[in-house]
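Asker: Encoded as structure tokens, here's the structure I'll be asking about.
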Amino acid sequence: MAKGKGNRIQVILECTEHKTSGLSGTSRYITTKNKKNTPDRMELKKFNPIMKKMTIHKEIK
């Protein structure tokens with residue numbers, strides 16, 4: 001029997017500081033999360049290559 005993917009979904013994380021900086025482009029990452037364990041939106045510190053520093057990336061819909 002084949003198993004389905006279950007509760008794992010793909011989400012997009014976008015930089016919060018980049019919007020206010022006025023620089024062109026966006027910093028986005030794609031990852032997966034378990035929607036059963038993490039029902040609210042994710043927030044992770046990731047590297048922003050345009051700003052060249054670690055920033056907070058929030059899940060977007």
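Residue numbers start at 1 in each chain; chains themselves are named A, B, ... in the order of the structure tokens; ligands are numbered from 1 in the order shown.
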Within 8 Å of segment 17-23 of chain A, counting only C-alpha atoms, which residues show up once you throw out same-chain ones fewer than 6 positions away? Write them as a VMD selection string, please.
Answerer: chain A and resid 51 55 to 56
Asker: Any chance you could list, as a VMD selection string, the residues in chain A that come up alpha helix (DSSP H) when DSSP is run on the backbone?
Answerer: chain A and resid 17 to 21
Asker: Report, in Å with one decimal, the straight-line distance from atom CA of Arg41 of chain A to atom CA of Gly25 of chain A.
Answerer: 22.8 Å
Asker: When DSSP is applied to the backbone of this structure, which of segment 5-60 of chain A are assigned strand (DSSP E or B)? Write them out as a PyMOL selection string.
Answerer: chain A and resi 8-15+28-34+43-48+53-60
Asker: Would you please work out which residue, of A:Val11, A:Asn48, A:Lys58, A:Lys53, is nearest to Thr32 of chain A when using only C-alpha atoms?
Answerer: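 Ranking A:Val11, A:Asn48, A:Lys58, A:Lys53 by distance to Thr32 of chain A, first place goes to A:Val11.
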Asker: Could you name the residues that touch segment 12-15 of chain A at 8 Å or less, counting only C-alpha atoms, but leaving out those on the same chain fewer than 6 positions away, as JSON, numbers by chain?
Answerer: {"A": [26, 27, 28, 29, 30, 31, 42, 43, 48, 55, 56, 57, 58, 59, 60, 61]}
Asker: List as JSON, numbers by chain the protein and nucleic acid residues near Asn7 of chain A, meaning an atom at most 10 Å away when only C-alpha atoms are counted, but skip any in the same chain fewer than 3 places from it.
Answerer: {"A": [4, 33, 34, 35, 36, 37]}
Asker: Got time to write the residues from that selection, C-alpha atoms, as an mmCIF file, in the first residue's frame?
Answerer:
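And here's again_10.cif as it stands now:
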```cif
data_model
loop_
_atom_site.group_PDB
_atom_site.id
_atom_site.type_symbol
_atom_site.label_atom_id
_atom_site.label_comp_id
_atom_site.auth_asym_id
_atom_site.auth_seq_id
_atom_site.Cartn_x
_atom_site.Cartn_y
_atom_site.Cartn_z
ATOM 1 C CA GLY A 4 0.161 9.745 1.100
ATOM 2 C CA LYS A 33 6.300 22.065 7.659
ATOM 3 C CA ASN A 34 3.976 19.689 9.446
ATOM 4 C CA LYS A 35 0.644 21.534 9.618
ATOM 5 C CA LYS A 36 -0.512 19.335 12.521
ATOM 6 C CA ASN A 37 2.475 20.234 14.745
#
```
